[in-house]
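*Asks:* I am attaching a structure below and will ask some questions about it afterwards.
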Amino acid sequence: MQRRHLIIAAKFLVLASGFFLLAYGSIMGVVAALGVAPWHVLHIGLTKHFPITLGRAAQFTGFVILALAVALGVRPRIGTWCNMFLVGYFLDFVTAYKLVPQVSTLPMRVLYVLLGAVVSGLGVAGYICADLGTGPRDSLMLGVTRRTGWRVGTVRSTIEVSVVVVGLLLGGPVGLGTLASAMMAGPVVEWLLLTIEKLVRLPFLCDVIKLPSSIRIGKRVVTPGATT
């Protein structure tokens, strides 16, 4: 029983850490001011039309996206609901307490865009593998992947490029950072999932983190616990 409680606690730690990394990496992109990540183009666009914060916009969007994911057959779990509320909270928390230092030089701003994409990707891959349920946006990604059989990277990039169009129409900021984030997001998450696949074979970690079932990563479909 004690081991089971320890595993559950570790899963929630991985989950919460993933949420925070996602929010932190996202705000790095906002601070870089070279165009924000695709979903934040939409979120910031919403803040221009409604009196809400970036975090609140993310929560509202998450609810709508979750409804679409459910229609595709994805069942929300506790991690899904936590994502919908906590990522928005962390976005506002990181912004309010200025946890991401301001930068002004172009090289540092470009570095923020690149590092932000990696940090966000690490957060996404981490909370997916906590196996407590994916977030609304990634639930949609997984739902489309399962229905089509397309690779995770392809699906994620396609969705996020589409989101940019809607966000732009709402007045969200689009720039080189947006393009870089959209193109990097899928490959970064895919590479991190491949890396995590190797970790799940280690003692204890195999009980804490698990890859989502029937998801095509790289050139094959990965099933948790399967060996190569």
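Chain labels run A, B, ... following the order of the structure tokens; each chain numbers its residues from 1, and ligands are numbered from 1 in the order shown.
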What's around Ile78 (chain A) at 10 Å? Count only C-alpha atoms, leave out sequence neighbours fewer than 2 positions away in its own chain, and write the answer as a list in words.
*Replies:*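 Contacts, with the query itself left out: Pro76, Thr80, Trp81, Cys82, Asn83, Asp131, Leu132, Gly133, Thr134 and Gly135 of chain A.
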*Asks:* Just the selected residues (N, CA and C atoms), exported as a compact mmCIF listing (two decimals), in the first residue's frame, please.
*Replies:*
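Wrote part.txt, looks like this:
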# COMPACT_ATOMS: atom_id res chain seq x y z
N PRO A 76 -11.96 12.05 -20.71
CA PRO A 76 -11.20 12.89 -19.78
C PRO A 76 -11.00 12.19 -18.44
N THR A 80 -6.76 15.47 -16.98
CA THR A 80 -7.32 16.34 -18.02
C THR A 80 -7.96 17.57 -17.39
N TRP A 81 -8.75 17.33 -16.34
CA TRP A 81 -9.40 18.45 -15.66
C TRP A 81 -8.38 19.34 -14.95
N CYS A 82 -7.37 18.71 -14.35
CA CYS A 82 -6.31 19.49 -13.69
C CYS A 82 -5.59 20.37 -14.69
N ASN A 83 -5.35 19.82 -15.88
CA ASN A 83 -4.68 20.60 -16.92
C ASN A 83 -5.49 21.82 -17.29
N ASP A 131 0.36 9.56 -17.14
CA ASP A 131 -0.74 8.60 -17.30
C ASP A 131 -1.91 8.89 -16.37
N LEU A 132 -2.19 10.18 -16.19
CA LEU A 132 -3.35 10.58 -15.40
C LEU A 132 -4.37 11.29 -16.29
N GLY A 133 -4.13 11.22 -17.59
CA GLY A 133 -5.01 11.89 -18.53
C GLY A 133 -4.31 13.07 -19.18
N THR A 134 -4.41 13.20 -20.48
CA THR A 134 -3.80 14.32 -21.17
C THR A 134 -4.64 15.57 -21.02
N GLY A 135 -4.05 16.72 -21.34
CA GLY A 135 -4.79 17.97 -21.29
C GLY A 135 -5.75 18.08 -22.45
*Asks:* Find the spatial neighbours of Ala58 (chain A), counting only C-alpha atoms, within a cut-off of 6 Å - ignore same-chain residues fewer than 3 positions away - and output them as a list in words.
*Replies:* His43, Gly55, Thr61, Gly62 and Gly88 of chain A
*Asks:* Keeping only C-alpha atoms, write those residues as a short mmCIF file (atom, residue, chain, number, x, y, z; two decimals), in the first residue's frame.
*Replies:*
data_model
loop_
_atom_site.label_atom_id
_atom_site.label_comp_id
_atom_site.auth_asym_id
_atom_site.auth_seq_id
_atom_site.Cartn_x
_atom_site.Cartn_y
_atom_site.Cartn_z
CA HIS A 43 -5.57 33.11 -26.26
CA GLY A 55 -4.63 32.18 -18.15
CA THR A 61 -10.33 27.45 -24.75
CA GLY A 62 -9.42 24.25 -22.94
CA GLY A 88 -4.08 28.66 -16.91
#
*Asks:* Measuring atom to atom with only C-alpha atoms, identify which of A:Gly45, A:Gly186, A:Gly177, A:Gly172 is nearest to Leu111 (chain A).
*Replies:*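 Among the listed residues, A:Gly177 lies closest to Leu111 (chain A).
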*Asks:* Report the residues of region 4-227 of chain A whose backbone DSSP state falls under strand (DSSP E), written as a tab-separated table (two decimals) with N, CA and C atoms, in the first residue's frame.
*Replies:*
chain	number	residue	atom	x	y	z
A	215	ILE	N	-0.24	4.89	-29.95
A	215	ILE	CA	0.13	6.17	-30.51
A	215	ILE	C	1.35	5.99	-31.39
A	216	ARG	N	1.29	6.48	-32.61
A	216	ARG	CA	2.38	6.31	-33.55
A	216	ARG	C	3.47	7.34	-33.27
A	217	ILE	N	4.63	6.86	-32.85
A	217	ILE	CA	5.78	7.71	-32.55
A	217	ILE	C	6.91	7.26	-33.45
A	220	ARG	N	6.73	3.76	-35.82
A	220	ARG	CA	6.00	2.60	-35.35
A	220	ARG	C	4.95	3.02	-34.33
A	221	VAL	N	4.06	2.10	-34.03
A	221	VAL	CA	3.07	2.31	-32.97
A	221	VAL	C	3.64	1.79	-31.67
A	222	VAL	N	3.66	2.64	-30.65
A	222	VAL	CA	4.25	2.26	-29.37
A	222	VAL	C	3.16	1.87	-28.40
*Asks:* Near Leu168 (chain A), within 10 Å and counting only C-alpha atoms, which residues show up once chain neighbours fewer than 4 positions away are dropped, as number ranges by chain?
*Replies:* A: 38, 41-42, 44-45, 163-164, 172-174
*Asks:* Selected residues, N, CA and C atoms, written as an mmCIF file, in the first residue's frame, please.
*Replies:*
data_model
loop_
_atom_site.group_PDB
_atom_site.id
_atom_site.type_symbol
_atom_site.label_atom_id
_atom_site.label_comp_id
_atom_site.auth_asym_id
_atom_site.auth_seq_id
_atom_site.Cartn_x
_atom_site.Cartn_y
_atom_site.Cartn_z
ATOM 1 N N PRO A 38 1.383 29.047 -31.092
ATOM 2 C CA PRO A 38 0.077 29.014 -31.765
ATOM 3 C C PRO A 38 -1.137 29.168 -30.864
ATOM 4 N N VAL A 41 -1.516 32.631 -29.585
ATOM 5 C CA VAL A 41 -2.031 33.592 -30.558
ATOM 6 C C VAL A 41 -3.544 33.684 -30.374
ATOM 7 N N LEU A 42 -4.166 32.520 -30.228
ATOM 8 C CA LEU A 42 -5.616 32.464 -30.007
ATOM 9 C C LEU A 42 -5.979 33.042 -28.647
ATOM 10 N N ILE A 44 -4.348 35.173 -26.658
ATOM 11 C CA ILE A 44 -4.160 36.622 -26.593
ATOM 12 C C ILE A 44 -5.193 37.328 -27.459
ATOM 13 N N GLY A 45 -5.545 36.699 -28.579
ATOM 14 C CA GLY A 45 -6.609 37.266 -29.405
ATOM 15 C C GLY A 45 -7.910 37.376 -28.630
ATOM 16 N N VAL A 163 -4.678 26.660 -35.668
ATOM 17 C CA VAL A 163 -5.072 27.546 -34.574
ATOM 18 C C VAL A 163 -4.541 28.962 -34.802
ATOM 19 N N VAL A 164 -3.357 29.072 -35.403
ATOM 20 C CA VAL A 164 -2.767 30.378 -35.670
ATOM 21 C C VAL A 164 -3.685 31.222 -36.547
ATOM 22 N N GLY A 172 -4.472 38.250 -32.510
ATOM 23 C CA GLY A 172 -3.341 37.726 -31.750
ATOM 24 C C GLY A 172 -2.024 37.996 -32.461
ATOM 25 N N PRO A 173 -0.920 38.117 -31.700
ATOM 26 C CA PRO A 173 0.388 38.427 -32.288
ATOM 27 C C PRO A 173 1.025 37.235 -32.982
ATOM 28 N N VAL A 174 1.356 37.402 -34.238
ATOM 29 C CA VAL A 174 1.992 36.353 -35.027
ATOM 30 C C VAL A 174 3.330 36.864 -35.542
#
*Asks:* So how many Å separate CA of Leu193 (chain A) and CA of Ala125 (chain A), to one decimal?
*Replies:* 5.9 Å
